[in-house]
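Notes follow the structure.
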Amino acid sequence: MEEVEEPDLVSELRLVGPQLAEALSRVSDGDLDRIMCLLRTAGQQQLRLIPDRTRRVSQMVDLFLGETAATCRRFIHAVCLFCALPLALETQLMSAAGEGCPTEPICENEQADTEPPDRNRKRRQEGSFPPVPEKHPCIVSPEMYKSTMKRLLLQRYQRVSQGVRRLVRLHETCVSLVNRNTVKLKERVDRLWGDTPGLQDSDDGVDRVVKIMDLLQPSTTSQSRVIVLLGSAGTGKTLLMHCVGQHWAQGAFDSFQFFFLFEFRQLNLIKRTLSLQQLLFEFFLQPEVGERDSMFDVILANPRSVCVVFDGYDEFCCKFTALRRDTPVDPRRPLHMAELFSSLYTGRMLQGCTLVVTCRPKDVMDLPLGAVDEVGEVPGFDHRRVHEYAQDYFKDSPHREQVLGHLMSSRTILNMCYVPALCFISCVCLEYLLRQRSPLTSLPHTMTQFYIQIIMAFLSRRQVGHLPEGPGPPPSLLQRSRQEIEELSRLAMEGLEQSNIVFYAQDLPPAVLKFASDSGFFSRFEVKKEDGSEGMGCAFVHLTMQEFFAALHLMTSEVVQEAQLKKKFNLKSRWTTKTDPKTVFTDTYHLYVSGLASRDCASFLGQLSRHSAAWVEKRQSAILKILRSLATGTLTGPKLVELCRCAYETQDDNLAALVGNRSRYELRNFRISPVDMIALAFVINNAKKQVCLDIAGCSVEPDCLDILPTCNYIDSLIFRSRKYDDRFAEALSDILPRVERLQKLEFVSGSIGEGGVANLARALQSCPHLTELNLSDNFLTDSGISLIANTFPMLKTIQSVNLGNNTCTVDGIINLVKTMSSCLHIQEIHVNGTKEAKVLFYMDSDTQSSAEAQRRRRTGAGRTLSLLNCTLTPKDMKNLCELLTRCPGLSDVNLSGNLLKDPAFRVLGDFLPQVSVSGRISICNNTISVEGMCCLARALTLCPRTEALEISLQQGSQIIVKFAGEPQKGGGYPGVEDSTGQQLPVVSKRLQLTNCNIQPGHLDRLLKTLKGCDSLELLDLSGNALGNRGLKKLLDALPTLRGIREINASDGKVTMEGVIWLADSLGSCRDMSDVDASCGGSKRLIIRFHRSASRPVGIPPAETGPQGNGHGVCKTLRLCSSAIQSAAMDKLCARLTRCLSLSELE
């Protein structure tokens, strides 16, 4: 036999020699030395003399070609063990080598390469174990163990997939990689809270979808690679992991030499401590006799070629228990199962391996996420896959289309069908109802009622071996099975209390086991016993089935006393705390208990209970009492929704009204399913109270929005999250007109763009009672703002619209202002940069009895416009001013903080005579020079309605243009009439330019601007740098200021010389009546003029009589706190002697 094999084996080696040399060149020096030890000593010495590594590897392959077939076979096994070979090459070599197990030692000088026993013992004491065993063992056949492992995994997959209607197509299976950030993942877990998975909608916006084939790759470093896969119970995680094992056995994932698959539900049965070696071999696959230690050494030496899967962490009865850092970790030392798993998870044991953990979303927070490389989410069914599954299930039924229609329209059943396992159970139940000739139009409303029908369907299948054709199940069916159901219920409750879903078949009465298996309540499979031997285990077909039977036990068993009910049914036990983050084992148990407390379930319970109807009613009342006590507390988020779900299951209107007795529902960062929304509608409608539904950060499925209109008392809707985008806005727009009482809509901090706002704008026009709209903090552009603004005339009841913090530009803001001219019920537009953009409206005149309020709404009187910090350019200012000329009823305009400069002020000054503003225009906190001031001051001359210009640059820039109010009927102002009898637009005017650093050289330009402004009564130039020269220019210009009553030049750096000039003017100027100065004119300096009461404002003095030399006017000179020199005093007295009307000198 040897002679026949040798030529074939050597020929194969010679054929693939170059490929082997290339693969060996990539292994470590240590592994290369181990393979070299297979050669004779002379060959090893020859190789060590070759310095070049590439030549040494090539020569080694040539030397093996001259060895015996047994040595070549050992060489092939070693190469397959230490090298990552292509699958085709490895298959070719192993086929040539056969399945033989070489038993010769690796090298002749084995003992020389081992460390002294004392050194090894010291390492064990320190807890520091090298990744490679200290002693080179005999090479056993890892390929033989691997082949056996492959056969085992193929057999397991065949058993697990038996009866599955739609097998996993692994090459098409994808998972969504989610954010490993603890806060983000917690939000995601909250969104997935509940008994069913959510639709895969990439709510975080950062999910990366990858194929499972690409995800399961070995570690590229010395650290372990940890992958956590999330999925709700029944989504097929276990089947997926067995499918991965099957594909590995068929040649996929060739980077892994070994693949171990464990299920926590079976590991729960192990109560004793285990070493890693015992776990891998006794509870997965035993090596050949005598090879345990050697095989384990091979595994420890090559951790990166090992993949270990732990399926169903949510079913683990223990918490994650990490060993202390100073605790030595020995893979051969027995540990508790929780400690063993934690050591593998954290990389303290078998460091470098790939570890895959599956669990339900709500349990992932119990795991330290810092050690995780990837977190993926396994998808359940969506609408399409549910439809495909049901279509396949009922493919031979004449009622297929009818069933599909009712299934897809029943949200309670459809929500269950998103879980593949429950989809099968639901189809069995629907088929049963069809055979019973029950009208599908009256499908059960609650999960509990539907599960009662599921139980009846499974019992009927057992009774005759197939679904009956008769009009209904035998009346005694429940009673005949009562004993077995009681035993199953007791077992289900014990399992939930111990977090156990797998039971040894030997521990169950044979009759009960047969009943459960024949009915389809149980699935049976092989399990490992405590001692590692094979046994038979069983479990309920789905966790919800076990939960329903446990609820039956609570409601029908006389063992459970009423005093124990609150302990066994305590909704608060589902809510995690900081001291106990591990979530509860159950998902729907509390719902089934609540549902069985419904009056509709009394008959069902009566058939199963051994007590009277009064006893059943008392038990139901006790559950309702517990729920009522929870309803009186303050609950938000998932807690409130769960309580609503419980109330819905009871179908008790009084309980629902109690739960719904609140004015606001705040739902934050969790997934809202259609059944959640149905439950919310149930309690809201029974409470009959106007409510606000505030949803922030929640994953909201489109079907949920369809349910919103059934909530008859929602008057306020708030949506707040970046995940709410244009698609969500489109779906929301379809239902908004049907929310009949809607008064307030907030869609804030979202991702709405032009597409979403276009749909919303159309929908808002059909909301007849809408008073408040908030679309702030989205991505609305100029066109989006315009779309909303165009709806204003159609929103008859609107009172406020908030559009702040969007991405619009100044053009969008100006378009918003444009609506004021056509929409007269806009009362105020307030914009502050990009942060604020709010529009206020007059209240509906129908609600106001005041005639003035109705007039304001009709004419738009008293309206205000504020555009703050918008960075307006001169072009923007021109566009804005053109709008202001066509916008009636404006009282105040605020353009502060817009980085305006003189060009913009020039534009504004040109338009001031035409703008329709009755109050003021504030232009504060901008940059203005004397040139800009003069541009604005022109309005005093050119614009009859301009009353005052007030500018101060002392603290920031205060710039205000004031107007004289609304004109009287006829277009004029109180004053005089012209020759035709029409009123002249005459207004007393003021110019206040204080602390503006006006120099004497600026006065020429300013005074020229004011020439001809006969209505100017007050000129305030205080706080400037006029000096004596500036004062002289003012005095020279007095003849052009014919209506002036007061000039204030205080703090203007005037000296006593200037006061002397004033004294001279006091005598020469007929209308100058008073000079009030202090500190020689450097502090207070006020000049007052006397105008005849009979002369109207704006009429020149010449028209009221001839000027004289000051005669007829009593004049006063006050000169306080002034240090007057004798020379100055002489000059002053000389001037005063010419003032004949001086009546007072102080």
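To be explicit about the labels: the chains of the structure tokens are called A, B, and onward in the order shown, and within each one the residues are counted from 1, while ligands get numbers from 1 in the order they are shown.
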Please return, as a PyMOL selection string, all residues of range 440-679 of chain A that DSSP assigns to strand (DSSP E or B) on the basis of the backbone. chain A and resi 503-504+522-528+534-540+664-668+671-672
With N, CA, C and O atoms retained, export the selected residues as an mmCIF file, in the first residue's frame.
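Once written, part_10.cif looks like this:
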```
data_model
loop_
_atom_site.group_PDB
_atom_site.id
_atom_site.type_symbol
_atom_site.label_atom_id
_atom_site.label_comp_id
_atom_site.auth_asym_id
_atom_site.auth_seq_id
_atom_site.Cartn_x
_atom_site.Cartn_y
_atom_site.Cartn_z
ATOM 1 N N PHE A 503 -35.207 22.009 28.430
ATOM 2 C CA PHE A 503 -35.486 21.039 29.486
ATOM 3 C C PHE A 503 -34.995 19.662 29.038
ATOM 4 O O PHE A 503 -35.053 19.332 27.842
ATOM 5 N N TYR A 504 -34.493 18.894 29.999
ATOM 6 C CA TYR A 504 -34.157 17.507 29.697
ATOM 7 C C TYR A 504 -35.446 16.721 29.504
ATOM 8 O O TYR A 504 -36.377 16.790 30.316
ATOM 9 N N PHE A 522 -43.771 21.744 21.465
ATOM 10 C CA PHE A 522 -42.375 21.466 21.771
ATOM 11 C C PHE A 522 -41.599 21.133 20.510
ATOM 12 O O PHE A 522 -42.140 20.555 19.554
ATOM 13 N N SER A 523 -40.329 21.474 20.527
ATOM 14 C CA SER A 523 -39.367 20.942 19.559
ATOM 15 C C SER A 523 -38.350 20.127 20.355
ATOM 16 O O SER A 523 -38.021 20.467 21.488
ATOM 17 N N ARG A 524 -37.863 19.035 19.763
ATOM 18 C CA ARG A 524 -36.938 18.131 20.456
ATOM 19 C C ARG A 524 -35.611 18.112 19.715
ATOM 20 O O ARG A 524 -35.562 18.202 18.489
ATOM 21 N N PHE A 525 -34.537 17.938 20.471
ATOM 22 C CA PHE A 525 -33.197 17.970 19.881
ATOM 23 C C PHE A 525 -32.228 17.328 20.864
ATOM 24 O O PHE A 525 -32.535 17.117 22.043
ATOM 25 N N GLU A 526 -31.029 17.006 20.371
ATOM 26 C CA GLU A 526 -29.998 16.423 21.204
ATOM 27 C C GLU A 526 -29.297 17.513 22.007
ATOM 28 O O GLU A 526 -29.065 18.615 21.527
ATOM 29 N N VAL A 527 -28.973 17.170 23.272
ATOM 30 C CA VAL A 527 -28.238 18.082 24.139
ATOM 31 C C VAL A 527 -27.128 17.311 24.841
ATOM 32 O O VAL A 527 -27.130 16.084 24.869
ATOM 33 N N LYS A 528 -26.182 18.063 25.367
ATOM 34 C CA LYS A 528 -25.113 17.488 26.165
ATOM 35 C C LYS A 528 -25.515 17.528 27.633
ATOM 36 O O LYS A 528 -25.969 18.551 28.137
ATOM 37 N N GLU A 534 -24.419 12.413 25.515
ATOM 38 C CA GLU A 534 -25.550 12.856 24.705
ATOM 39 C C GLU A 534 -26.863 12.586 25.426
ATOM 40 O O GLU A 534 -27.004 11.586 26.134
ATOM 41 N N GLY A 535 -27.817 13.489 25.250
ATOM 42 C CA GLY A 535 -29.145 13.301 25.799
ATOM 43 C C GLY A 535 -30.170 13.979 24.905
ATOM 44 O O GLY A 535 -29.836 14.597 23.899
ATOM 45 N N MET A 536 -31.431 13.875 25.295
ATOM 46 C CA MET A 536 -32.499 14.486 24.520
ATOM 47 C C MET A 536 -33.060 15.673 25.300
ATOM 48 O O MET A 536 -33.382 15.550 26.477
ATOM 49 N N GLY A 537 -33.141 16.814 24.621
ATOM 50 C CA GLY A 537 -33.705 17.999 25.227
ATOM 51 C C GLY A 537 -34.933 18.461 24.463
ATOM 52 O O GLY A 537 -35.203 18.008 23.348
ATOM 53 N N CYS A 538 -35.662 19.370 25.050
ATOM 54 C CA CYS A 538 -36.850 19.910 24.392
ATOM 55 C C CYS A 538 -37.054 21.353 24.841
ATOM 56 O O CYS A 538 -36.549 21.784 25.876
ATOM 57 N N ALA A 539 -37.792 22.101 24.029
ATOM 58 C CA ALA A 539 -38.087 23.499 24.329
ATOM 59 C C ALA A 539 -39.375 23.876 23.620
ATOM 60 O O ALA A 539 -39.782 23.247 22.641
ATOM 61 N N PHE A 540 -40.025 24.924 24.122
ATOM 62 C CA PHE A 540 -41.191 25.453 23.423
ATOM 63 C C PHE A 540 -40.745 25.991 22.063
ATOM 64 O O PHE A 540 -39.612 26.470 21.905
ATOM 65 N N ARG A 664 -50.016 65.054 28.157
ATOM 66 C CA ARG A 664 -48.858 65.009 27.277
ATOM 67 C C ARG A 664 -48.237 63.614 27.321
ATOM 68 O O ARG A 664 -48.042 63.059 28.397
ATOM 69 N N TYR A 665 -47.920 63.097 26.148
ATOM 70 C CA TYR A 665 -47.227 61.813 26.027
ATOM 71 C C TYR A 665 -45.837 62.093 25.461
ATOM 72 O O TYR A 665 -45.706 62.478 24.295
ATOM 73 N N GLU A 666 -44.814 61.934 26.290
ATOM 74 C CA GLU A 666 -43.437 62.169 25.855
ATOM 75 C C GLU A 666 -42.769 60.834 25.567
ATOM 76 O O GLU A 666 -42.526 60.042 26.485
ATOM 77 N N LEU A 667 -42.479 60.584 24.309
ATOM 78 C CA LEU A 667 -41.884 59.326 23.877
ATOM 79 C C LEU A 667 -40.489 59.639 23.350
ATOM 80 O O LEU A 667 -40.339 60.384 22.384
ATOM 81 N N ARG A 668 -39.470 59.040 23.984
ATOM 82 C CA ARG A 668 -38.090 59.410 23.680
ATOM 83 C C ARG A 668 -37.244 58.187 23.332
ATOM 84 O O ARG A 668 -37.135 57.253 24.120
ATOM 85 N N ARG A 671 -38.186 52.466 19.772
ATOM 86 C CA ARG A 671 -38.949 52.126 18.582
ATOM 87 C C ARG A 671 -40.435 52.068 18.903
ATOM 88 O O ARG A 671 -40.852 51.437 19.872
ATOM 89 N N ILE A 672 -41.221 52.740 18.066
ATOM 90 C CA ILE A 672 -42.681 52.702 18.206
ATOM 91 C C ILE A 672 -43.223 51.842 17.072
ATOM 92 O O ILE A 672 -43.047 52.163 15.895
#
```
Find the residues near Asp1051 in chain A: any atom within 8 Å, counting only C-alpha atoms, skip ones fewer than 3 places away on the same chain, and give them as a ChimeraX atom specification. /A:1022-1025,1054,1081-1085
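In this structure, CA of His825 in chain A sits 27.3 Å away from CA of Leu732 in chain A.
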Contacts of Val226 in chain A within 8 Å, only C-alpha atoms, excl. fewer than 5 positions in-chain, as a PyMOL selection string: chain A and resi 345+354-357+371-374
For C-alpha atoms, I'd like the residues from the last selection saved as a compact mmCIF listing (two decimals), in the first residue's frame.
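What follows is the written file selection_29.txt:
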```
# COMPACT_ATOMS: atom_id res chain seq x y z
CA TYR A 345 -15.00 37.53 25.43
CA THR A 354 -12.75 35.13 16.58
CA LEU A 355 -15.70 35.15 18.97
CA VAL A 356 -19.29 35.59 17.75
CA VAL A 357 -22.07 36.31 20.26
CA ALA A 371 -14.06 44.65 23.80
CA VAL A 372 -16.33 44.48 20.75
CA ASP A 373 -15.00 44.96 17.22
CA GLU A 374 -18.31 44.96 15.36
```
Between A:Ala233, A:Leu93, A:Leu239, A:Ala252, which is the closest to Gln217 in chain A once you count only C-alpha atoms? A:Ala252
Please list as a list in words every residue within 8 Å of Thr544 in chain A, counting only C-alpha atoms and excluding residues in the same chain fewer than 6 positions away. Asp587, Thr588 and Tyr589 of chain A
Could the residues in this selection be saved with C-alpha atoms as a short mmCIF file (atom, residue, chain, number, x, y, z; two decimals), in the first residue's frame?
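The file below, part.cif, is the result:
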```
data_model
loop_
_atom_site.label_atom_id
_atom_site.label_comp_id
_atom_site.auth_asym_id
_atom_site.auth_seq_id
_atom_site.Cartn_x
_atom_site.Cartn_y
_atom_site.Cartn_z
CA ASP A 587 -40.78 39.75 26.31
CA THR A 588 -44.57 39.33 26.24
CA TYR A 589 -45.47 37.50 29.44
#
```
Got a sec: who's within 8 Å of range 714-724 of chain A, counting only C-alpha atoms, leaving out chain neighbours fewer than 5 positions off, as a JSON list (two decimals) with C-alpha atoms, in the first residue's frame?
```json
[["chain", "number", "residue", "atom", "x", "y", "z"],
["A", 203, "ASP", "CA", -32.46, 55.16, 11.37],
["A", 204, "ASP", "CA", -29.04, 56.26, 12.54],
["A", 205, "GLY", "CA", -28.15, 57.23, 8.99],
["A", 690, "GLN", "CA", -57.01, 66.73, 24.51],
["A", 691, "VAL", "CA", -53.39, 65.57, 24.42],
["A", 692, "CYS", "CA", -50.01, 66.45, 22.99],
["A", 693, "LEU", "CA", -48.05, 63.60, 21.42],
["A", 694, "ASP", "CA", -44.35, 64.49, 21.72],
["A", 695, "ILE", "CA", -42.12, 62.04, 19.83],
["A", 696, "ALA", "CA", -38.35, 62.65, 19.91],
["A", 697, "GLY", "CA", -35.69, 60.32, 18.57],
["A", 698, "CYS", "CA", -38.09, 57.41, 18.19],
["A", 699, "SER", "CA", -38.01, 55.04, 15.26],
["A", 729, "ALA", "CA", -42.52, 64.15, 5.97],
["A", 739, "VAL", "CA", -56.04, 64.48, 12.36],
["A", 741, "ARG", "CA", -58.40, 68.32, 16.07],
["A", 742, "LEU", "CA", -54.82, 69.23, 15.17],
["A", 743, "GLN", "CA", -53.93, 72.74, 16.35],
["A", 744, "LYS", "CA", -50.17, 72.57, 16.81],
["A", 745, "LEU", "CA", -47.54, 70.87, 14.64],
["A", 746, "GLU", "CA", -43.84, 70.87, 15.45],
["A", 747, "PHE", "CA", -41.39, 69.17, 13.11],
["A", 748, "VAL", "CA", -38.09, 70.32, 14.61],
["A", 749, "SER", "CA", -34.45, 69.21, 14.56],
["A", 750, "GLY", "CA", -35.26, 67.05, 11.57],
["A", 751, "SER", "CA", -33.87, 66.53, 8.09],
["A", 752, "ILE", "CA", -36.61, 68.04, 5.95]]
```
Which of these residues is nearest to Leu1132 in chain A, using only C-alpha atoms: A:Val675, A:Val1059, A:Leu608, A:Leu1066? A:Val1059
Give the alpha helix (DSSP H) residues of range 809-1042 of chain A, as DSSP finds them on the backbone, and put them as a PyMOL selection string. chain A and resi 810-822+851-859+874-885+902-911+930-942+1000-1010+1027-1036
May I have the residues within 6 Å of Asn805 in chain A as a tab-separated table (two decimals) with N, CA and C atoms, in the first residue's frame, using only C-alpha atoms and disregarding those fewer than 3 positions away in the same chain?
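Full text of result.tsv as output:
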```
chain	number	residue	atom	x	y	z
A	776	SER	N	-38.52	74.60	12.71
A	776	SER	CA	-37.16	75.09	12.97
A	776	SER	C	-36.16	73.94	13.00
A	777	ASP	N	-34.90	74.32	12.77
A	777	ASP	CA	-33.77	73.38	12.83
A	777	ASP	C	-33.94	72.22	11.87
A	834	THR	N	-29.48	83.12	11.48
A	834	THR	CA	-30.03	81.81	11.08
A	834	THR	C	-30.72	81.11	12.23
A	835	LYS	N	-30.66	81.70	13.43
A	835	LYS	CA	-31.20	81.02	14.60
A	835	LYS	C	-32.70	81.17	14.72
```
Among the residues A:Leu414, A:Val801, A:Ala69, A:Cys37, the one that comes closest to Pro674 in chain A [using only C-alpha atoms]: A:Leu414
Nearby residues (only C-alpha atoms) at most 9 Å from Leu942 in chain A, same-chain spacing under 5 positions excluded, as number ranges by chain: A: 912-913, 1013
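The shortest atom-to-atom distance to Leu624 in chain A, with only C-alpha atoms taken into account, belongs to A:Asn654 out of A:Ser603, A:Gln277, A:Asn654, A:Asn997.
Residue nearest Thr710 in chain A within the list A:Cys934, A:Met820, A:Arg738, A:Gly784: A:Arg738 [criterion: smallest interatomic distance, only C-alpha atoms].
Checking A:Thr1009, A:Ser255, A:Pro888, A:Asn898 one by one against Thr941 in chain A, counting only C-alpha atoms, you find the shortest gap at A:Thr1009.
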Pairwise distance, CA of Pro303 in chain A with CA of Ser224 in chain A, equals 8.5 Å
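You will find CA of Ser294 in chain A at 9.7 Å from CA of Pro142 in chain A.
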